[in-house]
Amino acid sequence: MSTRATLLGDFLEELCAATDFTERFDVYARYITALGFDGASFTYVPSLFVSNHIHVSPIFHVTEHYPQAFIEQYNNEHWEQYDFTITELNKNNFAIKDWQQAYASQALTAAAKQQLLIAKTDYDIKNALTIPLKNFAGVSGTSIISHEKNRSFNKLKKEHLETLQILTRVFSESNFADSAIATYFVAPYLSVLKKKELAVLQYIAAGKALKNIETELGITKRYASNLLDLVRERLGGISRDQLMCLFGEYRILDPKRGSSC
């Protein structure tokens, strides 16, 4: 059996033994590091968000040696607005993205190029690949970074790109198949919900009629309806049925979640 076949077999065995996303991500991190890459980030957007064009800042999970400060700057400065990988995904382009090849091209905006320059000069991300994948469950994006300069990185790609693609696809597909995966990536979007908003959502999710809400919660039907509309608007104007599907499917109607009103 070839070395690569052995590696992939071992990877699949360990991945299947993992009990949740965090353990799977740790397995993936060890194997891509063994290939010679320096780290990775992973993000996931459920299909409900994609199909309803709900634009949200990506939530990233990163390996130990991925520069966390880069992710913090990305989020703080809302770089998703200019991220060339997201721009291409919005065009339904799911090809592998090589950051430095993109930087050298004439296709990027000035803002997108500035992001890549900052990644390289401030965070030592000299090279990186983003591998996007999509299925009925949602869209994932895995960015694998390297501190190697172009010549060494090109050699690394030549030797291990095919294996990296297989590892990434298998890892991503295992996440798509996990019904709990979205809780890692959806719940944080809803952490800003206030107590009354959550109370109304929980009430509706329990199958209770909105006309009786004042008796149970002391909230008028009109006020409750307005709260629901505000939450729907915050999530891109989805319908009430889609809103309840979102909460029901991802099991995030936690009564302890939410800030004070």
# chains A, B, ... in the order shown; residues from 1 in each chain; ligands from 1
$ residues_around --residues "stretch 223-229 of chain A" --least-positions-apart "6" --cutoff "8 Å" --atoms "only C-alpha atoms" --output "ChimeraX atom specification"
/A:197,200-201,210,213,240
$ residues_around --residues "A:Leu167" --least-positions-apart "6" --cutoff "9 Å" --atoms "only C-alpha atoms" --output "number ranges by chain"
A: 8, 11-12, 28, 31-32
$ write_last_selection --atoms "N, CA and C atoms" --output "mmCIF file, in the first residue's frame"
data_model
loop_
_atom_site.group_PDB
_atom_site.id
_atom_site.type_symbol
_atom_site.label_atom_id
_atom_site.label_comp_id
_atom_site.auth_asym_id
_atom_site.auth_seq_id
_atom_site.Cartn_x
_atom_site.Cartn_y
_atom_site.Cartn_z
ATOM 1 N N LEU A 8 -4.153 8.330 4.289
ATOM 2 C CA LEU A 8 -5.580 8.614 4.144
ATOM 3 C C LEU A 8 -6.420 7.615 4.931
ATOM 4 N N PHE A 11 -6.167 8.601 8.524
ATOM 5 C CA PHE A 11 -6.941 9.830 8.730
ATOM 6 C C PHE A 11 -8.428 9.519 8.840
ATOM 7 N N LEU A 12 -8.920 8.711 7.931
ATOM 8 C CA LEU A 12 -10.342 8.369 7.934
ATOM 9 C C LEU A 12 -10.720 7.622 9.211
ATOM 10 N N TYR A 28 -7.816 16.786 11.740
ATOM 11 C CA TYR A 28 -7.468 17.438 10.472
ATOM 12 C C TYR A 28 -6.202 18.275 10.625
ATOM 13 N N TYR A 31 -2.969 16.228 10.630
ATOM 14 C CA TYR A 31 -2.607 15.629 9.343
ATOM 15 C C TYR A 31 -2.113 16.668 8.341
ATOM 16 N N ILE A 32 -2.714 17.859 8.320
ATOM 17 C CA ILE A 32 -2.210 18.851 7.364
ATOM 18 C C ILE A 32 -0.856 19.394 7.824
#
$ select_by_dssp --residues "stretch 12-261 of chain A" --states "alpha helix (DSSP H)" --output "mmCIF file with C-alpha atoms, in the first residue's frame"
data_model
loop_
_atom_site.group_PDB
_atom_site.id
_atom_site.type_symbol
_atom_site.label_atom_id
_atom_site.label_comp_id
_atom_site.auth_asym_id
_atom_site.auth_seq_id
_atom_site.Cartn_x
_atom_site.Cartn_y
_atom_site.Cartn_z
ATOM 1 C CA LEU A 12 -10.342 8.369 7.934
ATOM 2 C CA GLU A 13 -10.125 5.971 10.867
ATOM 3 C CA GLU A 14 -9.274 8.772 13.316
ATOM 4 C CA LEU A 15 -11.875 11.101 11.845
ATOM 5 C CA CYS A 16 -14.611 8.495 12.239
ATOM 6 C CA ALA A 17 -13.558 7.920 15.849
ATOM 7 C CA PHE A 21 -16.458 18.937 15.437
ATOM 8 C CA THR A 22 -13.642 19.984 17.767
ATOM 9 C CA GLU A 23 -12.128 16.507 17.783
ATOM 10 C CA ARG A 24 -12.464 16.212 13.999
ATOM 11 C CA PHE A 25 -10.779 19.578 13.540
ATOM 12 C CA ASP A 26 -7.900 18.491 15.789
ATOM 13 C CA VAL A 27 -7.431 15.367 13.660
ATOM 14 C CA TYR A 28 -7.468 17.438 10.472
ATOM 15 C CA ALA A 29 -4.957 19.901 11.947
ATOM 16 C CA ARG A 30 -2.482 17.140 12.808
ATOM 17 C CA TYR A 31 -2.607 15.629 9.343
ATOM 18 C CA ILE A 32 -2.210 18.851 7.364
ATOM 19 C CA THR A 33 0.672 19.819 9.652
ATOM 20 C CA ALA A 34 2.274 16.449 8.953
ATOM 21 C CA LEU A 35 2.136 17.310 5.245
ATOM 22 C CA SER A 47 -27.746 26.426 3.597
ATOM 23 C CA LEU A 48 -30.640 28.352 5.183
ATOM 24 C CA PHE A 49 -28.365 31.380 5.433
ATOM 25 C CA VAL A 50 -27.060 30.903 1.891
ATOM 26 C CA SER A 51 -30.443 30.374 0.231
ATOM 27 C CA GLN A 68 -5.497 34.431 16.019
ATOM 28 C CA ALA A 69 -4.717 38.149 15.782
ATOM 29 C CA PHE A 70 -5.297 37.954 12.032
ATOM 30 C CA ILE A 71 -8.799 36.573 12.616
ATOM 31 C CA GLU A 72 -9.457 39.285 15.194
ATOM 32 C CA GLN A 73 -8.455 42.010 12.747
ATOM 33 C CA TYR A 74 -10.524 40.320 10.033
ATOM 34 C CA ASN A 75 -13.610 40.397 12.246
ATOM 35 C CA ASN A 76 -13.046 43.816 13.797
ATOM 36 C CA PHE A 84 -11.758 37.816 -2.521
ATOM 37 C CA THR A 85 -12.543 34.210 -1.563
ATOM 38 C CA ILE A 86 -16.059 35.213 -0.486
ATOM 39 C CA THR A 87 -16.475 37.347 -3.598
ATOM 40 C CA GLU A 88 -15.688 34.307 -5.731
ATOM 41 C CA LEU A 89 -18.012 32.074 -3.721
ATOM 42 C CA ASN A 90 -20.815 34.551 -4.321
ATOM 43 C CA TRP A 99 -3.806 33.773 -2.159
ATOM 44 C CA GLN A 100 -0.534 34.857 -3.731
ATOM 45 C CA GLN A 101 -1.594 33.921 -7.242
ATOM 46 C CA ALA A 102 -4.702 36.021 -6.700
ATOM 47 C CA TYR A 103 -2.588 38.886 -5.359
ATOM 48 C CA ALA A 104 -0.409 38.802 -8.462
ATOM 49 C CA ALA A 110 -7.379 47.345 -3.885
ATOM 50 C CA ALA A 111 -9.051 46.452 -0.568
ATOM 51 C CA ALA A 112 -8.751 42.723 -1.244
ATOM 52 C CA LYS A 113 -5.071 43.096 -2.132
ATOM 53 C CA GLN A 114 -4.468 45.092 1.034
ATOM 54 C CA GLN A 115 -5.891 42.245 3.114
ATOM 55 C CA LEU A 116 -3.510 39.749 1.551
ATOM 56 C CA LEU A 117 -0.581 42.110 1.994
ATOM 57 C CA ILE A 118 -1.392 42.546 5.692
ATOM 58 C CA ALA A 119 -1.689 38.771 6.081
ATOM 59 C CA LYS A 120 1.772 38.358 4.570
ATOM 60 C CA THR A 121 3.642 41.228 6.206
ATOM 61 C CA ASP A 122 1.964 41.441 9.626
ATOM 62 C CA TYR A 123 1.089 37.797 10.285
ATOM 63 C CA ASN A 150 6.925 30.961 -2.956
ATOM 64 C CA ARG A 151 9.561 28.487 -4.179
ATOM 65 C CA SER A 152 9.259 26.195 -1.153
ATOM 66 C CA PHE A 153 5.488 26.561 -1.102
ATOM 67 C CA ASN A 154 5.185 25.655 -4.765
ATOM 68 C CA LYS A 155 7.228 22.518 -4.073
ATOM 69 C CA LEU A 156 4.930 21.728 -1.139
ATOM 70 C CA LYS A 157 1.886 22.132 -3.372
ATOM 71 C CA LYS A 158 3.379 19.930 -6.073
ATOM 72 C CA GLU A 159 4.037 17.156 -3.576
ATOM 73 C CA HIS A 160 0.936 17.327 -1.403
ATOM 74 C CA LEU A 161 -1.862 19.390 -2.970
ATOM 75 C CA GLU A 162 -3.848 16.362 -4.087
ATOM 76 C CA THR A 163 -3.588 14.780 -0.644
ATOM 77 C CA LEU A 164 -4.520 18.081 0.998
ATOM 78 C CA GLN A 165 -7.615 18.323 -1.176
ATOM 79 C CA ILE A 166 -8.711 14.814 -0.226
ATOM 80 C CA LEU A 167 -8.141 15.432 3.494
ATOM 81 C CA THR A 168 -10.067 18.687 3.309
ATOM 82 C CA ARG A 169 -12.963 17.228 1.358
ATOM 83 C CA VAL A 170 -13.331 14.244 3.694
ATOM 84 C CA PHE A 171 -13.107 16.529 6.746
ATOM 85 C CA SER A 172 -15.678 18.937 5.322
ATOM 86 C CA GLU A 173 -18.064 16.169 4.281
ATOM 87 C CA SER A 174 -17.881 14.701 7.777
ATOM 88 C CA ASN A 175 -18.986 18.081 9.106
ATOM 89 C CA PHE A 176 -21.815 18.360 6.592
ATOM 90 C CA ILE A 181 -22.266 21.165 13.308
ATOM 91 C CA ALA A 182 -24.382 24.260 12.794
ATOM 92 C CA THR A 183 -24.551 24.935 16.523
ATOM 93 C CA TYR A 184 -20.866 25.855 16.388
ATOM 94 C CA PHE A 185 -21.445 28.328 13.594
ATOM 95 C CA VAL A 186 -25.033 29.580 14.013
ATOM 96 C CA LYS A 195 -34.385 38.050 26.799
ATOM 97 C CA LYS A 196 -37.788 39.127 25.545
ATOM 98 C CA GLU A 197 -36.906 38.163 21.976
ATOM 99 C CA LEU A 198 -35.877 34.706 23.141
ATOM 100 C CA ALA A 199 -38.969 34.387 25.325
ATOM 101 C CA VAL A 200 -41.216 35.100 22.334
ATOM 102 C CA LEU A 201 -39.289 32.670 20.115
ATOM 103 C CA GLN A 202 -39.483 29.931 22.734
ATOM 104 C CA TYR A 203 -43.195 30.571 23.151
ATOM 105 C CA ILE A 204 -43.867 30.268 19.413
ATOM 106 C CA ALA A 205 -41.546 27.257 19.088
ATOM 107 C CA ILE A 213 -48.938 35.454 24.879
ATOM 108 C CA GLU A 214 -49.975 38.388 27.071
ATOM 109 C CA THR A 215 -51.581 36.065 29.607
ATOM 110 C CA GLU A 216 -48.455 33.928 29.951
ATOM 111 C CA LEU A 217 -45.595 36.369 29.390
ATOM 112 C CA LYS A 221 -49.481 40.321 20.870
ATOM 113 C CA ARG A 222 -48.526 43.424 18.899
ATOM 114 C CA TYR A 223 -45.271 43.902 20.805
ATOM 115 C CA ALA A 224 -44.396 40.217 20.392
ATOM 116 C CA SER A 225 -45.130 40.406 16.672
ATOM 117 C CA ASN A 226 -42.863 43.448 16.351
ATOM 118 C CA LEU A 227 -40.062 41.620 18.168
ATOM 119 C CA LEU A 228 -40.354 38.700 15.750
ATOM 120 C CA ASP A 229 -40.199 41.069 12.803
ATOM 121 C CA LEU A 230 -37.041 42.696 14.201
ATOM 122 C CA VAL A 231 -35.348 39.319 14.596
ATOM 123 C CA ARG A 232 -36.367 38.298 11.059
ATOM 124 C CA GLU A 233 -35.005 41.557 9.682
ATOM 125 C CA ARG A 234 -31.721 41.033 11.534
ATOM 126 C CA ARG A 240 -41.407 33.392 10.353
ATOM 127 C CA ASP A 241 -41.480 29.753 9.273
ATOM 128 C CA GLN A 242 -37.820 29.958 8.253
ATOM 129 C CA LEU A 243 -36.994 31.660 11.539
ATOM 130 C CA MET A 244 -38.550 28.854 13.560
ATOM 131 C CA CYS A 245 -36.895 26.286 11.300
ATOM 132 C CA LEU A 246 -33.552 27.925 12.030
ATOM 133 C CA PHE A 247 -34.037 27.712 15.775
ATOM 134 C CA GLY A 248 -35.623 24.286 15.698
ATOM 135 C CA GLU A 249 -33.113 22.662 13.352
ATOM 136 C CA TYR A 250 -30.072 23.947 15.220
#
$ atom_distance --atom1 "atom CA of A:Ala128" --atom2 "atom CA of A:Ser41"
10.6 Å
$ select_by_dssp --residues "stretch 15-231 of chain A" --states "strand (DSSP E or B)" --output "JSON, numbers by chain"
{"A": [39, 40, 41, 42, 43, 44, 45, 46, 61, 62, 97, 98, 127, 128, 129, 130, 131, 132, 133, 134, 135, 138, 139, 140, 141, 142, 143, 144, 145, 146, 194]}
$ write_last_selection --atoms "N, CA and C atoms" --output "short mmCIF file (atom, residue, chain, number, x, y, z; two decimals), in the first residue's frame"
data_model
loop_
_atom_site.label_atom_id
_atom_site.label_comp_id
_atom_site.auth_asym_id
_atom_site.auth_seq_id
_atom_site.Cartn_x
_atom_site.Cartn_y
_atom_site.Cartn_z
N GLY A 39 -0.92 25.64 9.35
CA GLY A 39 -2.15 25.86 10.10
C GLY A 39 -3.33 25.98 9.17
N ALA A 40 -4.51 26.08 9.77
CA ALA A 40 -5.72 26.19 8.95
C ALA A 40 -6.83 26.87 9.74
N SER A 41 -7.73 27.47 8.99
CA SER A 41 -8.98 27.99 9.57
C SER A 41 -10.13 27.32 8.84
N PHE A 42 -11.25 27.18 9.54
CA PHE A 42 -12.43 26.56 8.95
C PHE A 42 -13.66 27.37 9.31
N THR A 43 -14.51 27.61 8.33
CA THR A 43 -15.78 28.28 8.59
C THR A 43 -16.88 27.57 7.82
N TYR A 44 -18.10 27.76 8.31
CA TYR A 44 -19.25 27.03 7.75
C TYR A 44 -20.47 27.94 7.80
N VAL A 45 -21.22 27.96 6.70
CA VAL A 45 -22.47 28.73 6.65
C VAL A 45 -23.59 27.78 6.24
N PRO A 46 -24.60 27.59 7.10
CA PRO A 46 -25.70 26.67 6.78
C PRO A 46 -26.46 27.11 5.53
N HIS A 61 -12.95 28.75 13.09
CA HIS A 61 -12.24 27.91 14.04
C HIS A 61 -10.85 27.71 13.45
N VAL A 62 -9.82 27.91 14.28
CA VAL A 62 -8.46 27.89 13.77
C VAL A 62 -7.60 26.90 14.54
N LYS A 97 -8.52 28.49 -4.15
CA LYS A 97 -8.00 29.85 -4.26
C LYS A 97 -6.59 29.91 -3.68
N ASP A 98 -5.62 30.29 -4.51
CA ASP A 98 -4.25 30.50 -4.07
C ASP A 98 -4.09 32.00 -3.79
N ASN A 127 1.99 32.38 2.26
CA ASN A 127 1.18 31.71 1.24
C ASN A 127 -0.01 31.03 1.90
N ALA A 128 -1.08 30.85 1.12
CA ALA A 128 -2.26 30.18 1.66
C ALA A 128 -3.13 29.68 0.51
N LEU A 129 -3.90 28.66 0.82
CA LEU A 129 -4.88 28.12 -0.11
C LEU A 129 -6.23 28.09 0.59
N THR A 130 -7.28 28.49 -0.11
CA THR A 130 -8.63 28.35 0.42
C THR A 130 -9.36 27.31 -0.42
N ILE A 131 -9.91 26.32 0.26
CA ILE A 131 -10.63 25.24 -0.41
C ILE A 131 -12.10 25.31 0.01
N PRO A 132 -12.97 25.80 -0.88
CA PRO A 132 -14.40 25.88 -0.56
C PRO A 132 -15.13 24.62 -1.01
N LEU A 133 -16.16 24.26 -0.28
CA LEU A 133 -16.99 23.11 -0.64
C LEU A 133 -18.45 23.44 -0.35
N LYS A 134 -19.34 22.80 -1.10
CA LYS A 134 -20.77 23.07 -0.94
C LYS A 134 -21.56 21.79 -1.13
N ASN A 135 -22.58 21.60 -0.28
CA ASN A 135 -23.59 20.58 -0.54
C ASN A 135 -24.91 21.07 0.01
N GLY A 138 -24.86 23.13 3.41
CA GLY A 138 -24.29 24.46 3.53
C GLY A 138 -23.01 24.61 2.73
N VAL A 139 -22.27 25.65 3.07
CA VAL A 139 -21.01 25.97 2.39
C VAL A 139 -19.91 26.04 3.45
N SER A 140 -18.77 25.43 3.15
CA SER A 140 -17.63 25.52 4.06
C SER A 140 -16.44 26.12 3.33
N GLY A 141 -15.57 26.72 4.10
CA GLY A 141 -14.33 27.26 3.55
C GLY A 141 -13.17 26.93 4.48
N THR A 142 -12.16 26.26 3.95
CA THR A 142 -10.97 25.91 4.73
C THR A 142 -9.77 26.63 4.13
N SER A 143 -9.08 27.42 4.93
CA SER A 143 -7.89 28.13 4.46
C SER A 143 -6.67 27.54 5.14
N ILE A 144 -5.76 27.03 4.33
CA ILE A 144 -4.55 26.37 4.83
C ILE A 144 -3.37 27.30 4.58
N ILE A 145 -2.62 27.62 5.63
CA ILE A 145 -1.57 28.63 5.51
C ILE A 145 -0.18 28.00 5.56
N SER A 146 0.78 28.79 5.06
CA SER A 146 2.18 28.38 5.09
C SER A 146 3.06 29.61 5.32
N LYS A 194 -32.07 39.45 22.78
CA LYS A 194 -32.44 39.87 24.12
C LYS A 194 -33.40 38.88 24.75
#
$ closest_residue --among "A:Ile238, A:Ala180, A:Ala18, A:Ala107" --to "A:Ala137" --atoms "only C-alpha atoms"
A:Ala180
$ atom_distance --atom1 "atom CA of A:Glu80" --atom2 "atom CA of A:Pro58"
7.3 Å
$ atom_distance --atom1 "atom CA of A:Leu193" --atom2 "atom CA of A:Ala209"
21.4 Å
